[in-house]
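input26.cif follows (mmCIF, C-alpha atoms and all ligand atoms):
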```
data_entry
loop_
_atom_site.label_atom_id
_atom_site.label_comp_id
_atom_site.auth_asym_id
_atom_site.auth_seq_id
_atom_site.Cartn_x
_atom_site.Cartn_y
_atom_site.Cartn_z
CA MET A 226 -51.72 114.61 -91.75
CA LYS A 227 -52.54 115.09 -95.41
CA LEU A 228 -53.79 112.55 -97.96
CA VAL A 229 -53.20 113.46 -101.59
CA ILE A 230 -55.66 111.64 -103.83
CA GLY A 231 -56.86 111.56 -107.44
CA ASP A 232 -60.42 112.01 -108.70
CA LYS A 233 -62.99 110.16 -106.60
CA LEU A 234 -64.72 109.05 -109.80
CA ASN A 235 -61.87 106.80 -110.84
CA SER A 236 -58.86 106.84 -108.56
CA SER A 237 -59.33 103.36 -107.18
CA TRP A 238 -55.97 103.40 -105.41
CA SER A 239 -56.84 106.64 -103.62
CA MET A 240 -60.16 105.27 -102.43
CA ARG A 241 -58.54 102.68 -100.16
CA PRO A 242 -56.68 104.83 -97.60
CA TRP A 243 -59.35 107.56 -97.80
CA VAL A 244 -62.14 105.13 -96.85
CA LEU A 245 -59.99 103.63 -94.11
CA LEU A 246 -59.23 107.01 -92.50
CA ARG A 247 -62.83 108.14 -92.83
CA HIS A 248 -64.26 104.89 -91.42
CA PHE A 249 -62.08 105.06 -88.32
CA GLY A 250 -62.77 108.79 -87.84
CA ILE A 251 -59.09 109.75 -88.13
CA PRO A 252 -58.78 113.45 -88.99
CA PHE A 253 -56.89 114.26 -92.19
CA GLU A 254 -56.63 117.00 -94.75
CA GLU A 255 -57.58 115.95 -98.27
CA THR A 256 -55.79 117.32 -101.33
CA LEU A 257 -57.38 116.23 -104.58
CA VAL A 258 -55.29 116.37 -107.75
CA ARG A 259 -57.37 116.10 -110.93
CA LEU A 260 -55.94 113.29 -113.07
CA ASN A 261 -55.20 113.43 -116.80
CA ARG A 262 -54.58 117.20 -116.91
CA SER A 263 -51.49 118.95 -118.20
CA ASP A 264 -50.36 119.82 -114.67
CA THR A 265 -51.28 116.46 -113.04
CA LYS A 266 -47.76 115.01 -113.00
CA SER A 267 -46.06 118.12 -111.66
CA LYS A 268 -48.67 118.52 -108.91
CA ILE A 269 -48.29 114.89 -107.83
CA LEU A 270 -44.48 114.95 -108.05
CA ALA A 271 -44.46 117.95 -105.72
CA VAL A 272 -45.49 115.55 -102.93
CA SER A 273 -45.11 111.96 -104.14
CA PRO A 274 -41.70 110.75 -105.38
CA SER A 275 -43.34 107.93 -107.39
CA GLY A 276 -45.42 110.43 -109.35
CA LYS A 277 -48.55 108.52 -108.31
CA VAL A 278 -51.41 109.06 -105.89
CA PRO A 279 -52.40 108.31 -103.21
CA CYS A 280 -49.65 109.83 -101.09
CA LEU A 281 -49.85 110.37 -97.34
CA VAL A 282 -47.89 113.24 -95.85
CA THR A 283 -47.45 112.77 -92.13
CA ASP A 284 -47.48 115.59 -89.57
CA ALA A 285 -43.68 115.28 -89.58
CA GLY A 286 -43.73 115.99 -93.33
CA GLU A 287 -42.74 112.45 -94.39
CA ALA A 288 -44.26 111.23 -97.65
CA VAL A 289 -45.62 107.67 -97.79
CA TRP A 290 -46.73 106.36 -101.19
CA GLU A 291 -48.19 103.09 -102.54
CA SER A 292 -51.65 102.40 -101.13
CA LEU A 293 -50.60 99.27 -99.23
CA ALA A 294 -47.66 101.06 -97.57
CA ILE A 295 -50.01 103.92 -96.68
CA VAL A 296 -52.61 101.70 -94.98
CA GLU A 297 -49.84 99.84 -93.12
CA THR A 298 -48.52 103.18 -91.88
CA ILE A 299 -51.96 104.35 -90.80
CA ALA A 300 -52.49 101.07 -88.91
CA GLU A 301 -49.14 101.51 -87.17
CA MET A 302 -50.00 105.09 -86.21
CA HIS A 303 -53.34 103.99 -84.74
CA PRO A 304 -52.87 100.71 -82.85
CA GLU A 305 -56.05 101.52 -80.89
CA HIS A 306 -58.04 100.51 -84.00
CA ALA A 307 -58.07 96.87 -85.20
CA MET A 308 -57.45 97.79 -88.84
CA TRP A 309 -55.72 94.43 -89.21
CA PRO A 310 -57.28 91.50 -87.29
CA ARG A 311 -55.89 91.12 -83.76
CA ASP A 312 -55.50 87.36 -84.23
CA ALA A 313 -52.11 86.54 -85.80
CA ALA A 314 -53.35 83.87 -88.22
CA ALA A 315 -56.26 86.04 -89.38
CA ARG A 316 -53.86 88.99 -89.71
CA ALA A 317 -51.51 86.96 -91.93
CA HIS A 318 -54.50 85.94 -94.06
CA ALA A 319 -55.72 89.56 -94.29
CA ARG A 320 -52.23 90.69 -95.32
CA SER A 321 -52.03 87.95 -97.98
CA ILE A 322 -55.30 88.87 -99.68
CA SER A 323 -54.54 92.60 -99.41
CA ALA A 324 -51.16 92.07 -101.08
CA GLU A 325 -52.81 89.84 -103.71
CA MET A 326 -55.24 92.68 -104.45
CA HIS A 327 -52.47 95.27 -104.52
CA ALA A 328 -50.32 93.28 -106.94
CA GLY A 329 -52.86 91.45 -109.05
CA PHE A 330 -56.15 91.36 -110.93
CA ALA A 331 -54.76 93.30 -113.89
CA ASP A 332 -57.41 91.97 -116.29
CA LEU A 333 -60.23 93.17 -114.07
CA ARG A 334 -58.59 96.56 -113.66
CA GLN A 335 -58.01 96.97 -117.37
CA ASN A 336 -61.40 95.78 -118.61
CA MET A 337 -63.65 97.05 -115.83
CA PRO A 338 -62.07 100.35 -114.79
CA MET A 339 -63.46 102.07 -111.72
CA GLU A 340 -65.83 104.78 -112.99
CA ILE A 341 -68.20 105.18 -110.11
CA THR A 342 -71.15 106.71 -111.97
CA THR A 343 -70.94 104.32 -114.94
CA ARG A 344 -73.68 101.68 -115.29
CA ALA A 345 -72.74 99.30 -118.09
CA PRO A 346 -73.83 95.76 -117.20
CA GLY A 347 -71.88 93.11 -119.07
CA GLN A 348 -69.18 95.46 -120.31
CA GLY A 349 -65.58 94.29 -119.97
CA ALA A 350 -66.48 90.67 -119.28
CA THR A 351 -63.36 89.21 -120.93
CA SER A 352 -62.19 85.74 -119.95
CA GLY A 353 -59.29 87.28 -118.01
CA ALA A 354 -61.57 89.64 -116.07
CA LEU A 355 -64.00 86.79 -115.32
CA ALA A 356 -61.12 84.62 -114.06
CA ASN A 357 -60.05 87.48 -111.75
CA ILE A 358 -63.65 87.81 -110.52
CA ALA A 359 -63.83 84.07 -109.80
CA ARG A 360 -60.68 84.34 -107.66
CA ILE A 361 -62.05 87.39 -105.82
CA GLU A 362 -65.33 85.61 -105.12
CA ALA A 363 -63.40 82.63 -103.75
CA ILE A 364 -61.40 84.94 -101.46
CA TRP A 365 -64.54 86.66 -100.19
CA ALA A 366 -66.47 83.39 -99.69
CA ASP A 367 -63.61 81.86 -97.71
CA CYS A 368 -63.15 84.95 -95.50
CA LEU A 369 -66.87 85.52 -94.92
CA ALA A 370 -67.46 81.85 -94.04
CA LYS A 371 -64.69 82.07 -91.45
CA SER A 372 -65.60 85.52 -90.11
CA GLY A 373 -69.35 84.90 -90.08
CA ASP A 374 -69.91 88.38 -91.64
CA PRO A 375 -70.43 91.28 -91.94
CA PHE A 376 -66.93 91.99 -93.31
CA LEU A 377 -63.97 89.87 -94.43
CA PHE A 378 -62.52 89.53 -90.94
CA GLY A 379 -65.59 90.46 -88.90
CA GLU A 380 -65.36 94.22 -88.44
CA PHE A 381 -64.43 96.49 -91.36
CA GLY A 382 -60.67 96.73 -91.80
CA ILE A 383 -57.83 97.14 -94.26
CA ALA A 384 -58.66 94.01 -96.27
CA ASP A 385 -62.18 95.36 -96.90
CA ALA A 386 -60.77 98.79 -97.84
CA MET A 387 -58.43 97.11 -100.34
CA PHE A 388 -61.40 95.43 -102.06
CA ALA A 389 -63.81 98.40 -101.90
CA PRO A 390 -62.90 99.63 -105.43
CA VAL A 391 -63.64 96.11 -106.75
CA VAL A 392 -67.14 96.52 -105.33
CA MET A 393 -67.45 99.83 -107.25
CA ARG A 394 -66.49 97.94 -110.43
CA PHE A 395 -69.08 95.26 -109.69
CA ASN A 396 -71.71 97.97 -109.16
CA SER A 397 -70.87 99.44 -112.59
CA TYR A 398 -70.48 96.31 -114.70
CA ALA A 399 -72.78 93.93 -112.83
CA PRO A 400 -70.98 90.65 -113.49
CA GLU A 401 -72.85 87.54 -112.38
CA LEU A 402 -72.04 87.04 -108.69
CA SER A 403 -72.99 84.65 -105.92
CA ALA A 404 -75.52 85.76 -103.31
CA THR A 405 -72.68 85.90 -100.77
CA SER A 406 -70.67 88.29 -102.95
CA LEU A 407 -73.71 90.44 -103.76
CA ASP A 408 -74.59 90.78 -100.07
CA TYR A 409 -71.01 91.69 -99.18
CA ALA A 410 -70.92 94.23 -102.04
CA LYS A 411 -74.13 95.78 -100.71
CA ARG A 412 -72.68 96.07 -97.20
CA ILE A 413 -69.52 97.72 -98.53
CA THR A 414 -71.51 100.14 -100.70
CA ALA A 415 -73.72 101.11 -97.74
CA LEU A 416 -70.82 101.71 -95.33
CA PRO A 417 -70.95 105.45 -94.47
CA ALA A 418 -67.29 106.03 -95.43
CA VAL A 419 -67.82 104.36 -98.81
CA ALA A 420 -71.10 106.22 -99.35
CA ALA A 421 -69.24 109.50 -98.65
CA TRP A 422 -66.62 108.64 -101.30
CA ILE A 423 -69.41 107.80 -103.79
CA ASP A 424 -71.13 111.12 -103.03
CA GLY A 425 -67.86 112.92 -103.72
CA ALA A 426 -67.52 111.08 -107.03
CA ARG A 427 -71.08 112.05 -108.01
CA GLU A 428 -70.28 115.69 -107.20
CA GLU A 429 -67.28 115.52 -109.54
CA ALA A 430 -69.45 114.09 -112.32
CA ARG A 431 -71.90 117.03 -112.20
N1 LIG B 501 -49.57 100.86 -106.92
C1 LIG B 501 -49.94 102.24 -106.70
C2 LIG B 501 -50.77 102.70 -107.88
C3 LIG B 501 -51.02 104.19 -107.88
C4 LIG B 501 -51.61 104.69 -109.19
O1 LIG B 501 -51.51 104.06 -110.26
N2 LIG B 501 -52.23 105.89 -109.12
C5 LIG B 501 -52.80 106.54 -110.28
C6 LIG B 501 -54.20 107.07 -109.96
S1 LIG B 501 -55.34 105.81 -109.42
C7 LIG B 501 -51.98 107.78 -110.61
O2 LIG B 501 -51.35 108.36 -109.75
N3 LIG B 501 -52.03 108.24 -111.86
C8 LIG B 501 -51.46 109.49 -112.24
C9 LIG B 501 -50.31 109.36 -113.18
O3 LIG B 501 -49.82 108.24 -113.39
O4 LIG B 501 -49.91 110.42 -113.69
C10 LIG B 501 -50.66 102.36 -105.34
O5 LIG B 501 -51.00 101.31 -104.77
O6 LIG B 501 -50.81 103.46 -104.80
#
```

Any chance you could put this one into structure tokens?
Amino acid sequence: MKLVIGDKLNSSWSMRPWVLLRHFGIPFEETLVRLNRSDTKSKILAVSPSGKVPCLVTDAGEAVWESLAIVETIAEMHPEHAMWPRDAAARAHARSISAEMHAGFADLRQNMPMEITTRAPGQGATSGALANIARIEAIWADCLAKSGDPFLFGEFGIADAMFAPVVMRFNSYAPELSATSLDYAKRITALPAVAAWIDGAREEAR
């Protein structure tokens, strides 16, 4: 199975399935397409009909695109791992917040882009971005209160992978956060799979 991704420095969508596969120790081949180059589009279109990364290419040669569809497919291929919570109500909740992340938070994305090595506290703190952050903090606080830590639904899973790039944004732009959010962000940053992605991004920045 092959995962086609963009630059680790700033391809927030690519980070999600990559971290998920890496965390659960699922073997995959990585193909990295450098973004914003003259040949970027043609290279991506050679595998991904949407012209976007990430794109998963299964062993049967089927392309799966859109990060949420990719993580759903990975979960279906590996039922031995609880990538979604086993409990039906928790699973519905995890799916809701993952879909909310996938479809929303445009102000945060636009004003605080994922640039892993950037440290610019206070930058991008528009009212729209701060409203998005308030909603994200409410989601995290609710999930963590119910799960009792360390991750949104107890063990690390798809919902956490969906929010991992948000943590990278928080690390860069340091918005004011609750202690609960800061602790969760620290746990995500320290997760070996996330640390490996960050290392890859730092390599790219050299
Ligand atoms: N909704 C898509 C977004 C994918 C996306 O916007 N990918 C960006 C990189 S992070 C991309 O492929 N950009 C290259 C281009 O548009 O040429 C997903 O969830 O996968």

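Proximity of A:Glu291, A:Glu401, A:Asp232, A:Glu305 to Ile251 in chain A, computed with only C-alpha atoms, is greatest for A:Glu305.
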
task: Name the closest residue to Leu377 in chain A among the candidates A:Ala399, A:Ala350, A:Ala430, A:Ile361; distances are taken between atoms, counting only C-alpha atoms.
output: A:Ile361

What are the centre and edge lengths in Å, to one decimal, of the axis-aligned box around all listed atoms of ligand LIG 501 (chain B) with 5 Å added on each side, as AutoDock Vina command-line options?
```
--center_x -52.5 --center_y 105.6 --center_z -109.2 --size_x 15.8 --size_y 19.6 --size_z 18.9
```

message: Can you work out which residues are within 10 Å of ligand LIG 501 (chain B), considering all atoms listed in the file, and then hand them over as JSON, numbers by chain?
response: {"A": [229, 230, 231, 232, 233, 234, 235, 236, 237, 238, 239, 240, 241, 242, 258, 259, 260, 261, 262, 263, 264, 265, 266, 267, 268, 269, 270, 273, 275, 276, 277, 278, 279, 280, 289, 290, 291, 292, 293, 294, 295, 296, 324, 326, 327, 328, 339, 387]}

Restricting it to C-alpha atoms, dump the selection as a tab-separated table (two decimals), in the frame of the given file.
```tsv
chain	number	residue	atom	x	y	z
A	229	VAL	CA	-53.20	113.46	-101.59
A	230	ILE	CA	-55.66	111.64	-103.83
A	231	GLY	CA	-56.86	111.56	-107.44
A	232	ASP	CA	-60.42	112.01	-108.70
A	233	LYS	CA	-62.99	110.16	-106.60
A	234	LEU	CA	-64.72	109.05	-109.80
A	235	ASN	CA	-61.87	106.80	-110.84
A	236	SER	CA	-58.86	106.84	-108.56
A	237	SER	CA	-59.33	103.36	-107.18
A	238	TRP	CA	-55.97	103.40	-105.41
A	239	SER	CA	-56.84	106.64	-103.62
A	240	MET	CA	-60.16	105.27	-102.43
A	241	ARG	CA	-58.54	102.68	-100.16
A	242	PRO	CA	-56.68	104.83	-97.60
A	258	VAL	CA	-55.29	116.37	-107.75
A	259	ARG	CA	-57.37	116.10	-110.93
A	260	LEU	CA	-55.94	113.29	-113.07
A	261	ASN	CA	-55.20	113.43	-116.80
A	262	ARG	CA	-54.58	117.20	-116.91
A	263	SER	CA	-51.49	118.95	-118.20
A	264	ASP	CA	-50.36	119.82	-114.67
A	265	THR	CA	-51.28	116.46	-113.04
A	266	LYS	CA	-47.76	115.01	-113.00
A	267	SER	CA	-46.06	118.12	-111.66
A	268	LYS	CA	-48.67	118.52	-108.91
A	269	ILE	CA	-48.29	114.89	-107.83
A	270	LEU	CA	-44.48	114.95	-108.05
A	273	SER	CA	-45.11	111.96	-104.14
A	275	SER	CA	-43.34	107.93	-107.39
A	276	GLY	CA	-45.42	110.43	-109.35
A	277	LYS	CA	-48.55	108.52	-108.31
A	278	VAL	CA	-51.41	109.06	-105.89
A	279	PRO	CA	-52.40	108.31	-103.21
A	280	CYS	CA	-49.65	109.83	-101.09
A	289	VAL	CA	-45.62	107.67	-97.79
A	290	TRP	CA	-46.73	106.36	-101.19
A	291	GLU	CA	-48.19	103.09	-102.54
A	292	SER	CA	-51.65	102.40	-101.13
A	293	LEU	CA	-50.60	99.27	-99.23
A	294	ALA	CA	-47.66	101.06	-97.57
A	295	ILE	CA	-50.01	103.92	-96.68
A	296	VAL	CA	-52.61	101.70	-94.98
A	324	ALA	CA	-51.16	92.07	-101.08
A	326	MET	CA	-55.24	92.68	-104.45
A	327	HIS	CA	-52.47	95.27	-104.52
A	328	ALA	CA	-50.32	93.28	-106.94
A	339	MET	CA	-63.46	102.07	-111.72
A	387	MET	CA	-58.43	97.11	-100.34
```

task: Considering all atoms listed in the file, state which residue in the set A:Arg311, A:Arg412, A:Lys227, A:Arg431 is at the smallest distance from Asp385 in chain A.
output: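 Using all atoms listed in the file, Asp385 in chain A sits closest to A:Arg412.
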
- request: Counting only C-alpha atoms, figure out which residue out of A:Glu287, A:Asp332, A:Glu301, A:Glu429 gets nearest to Ile358 in chain A.
  value: A:Asp332

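If only C-alpha atoms are the atoms counted, then among A:Trp422, A:Trp309, A:Tyr398, A:Phe388 the closest residue to Arg247 in chain A is A:Trp422.
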
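Across the model, the gap from CA of Glu255 in chain A to CA of Ile341 in chain A is 19.2 Å.
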
message: Could you tell me how far CA of Pro346 in chain A sits from CA of Ala426 in chain A, in Å to one decimal place?
response: 19.4 Å
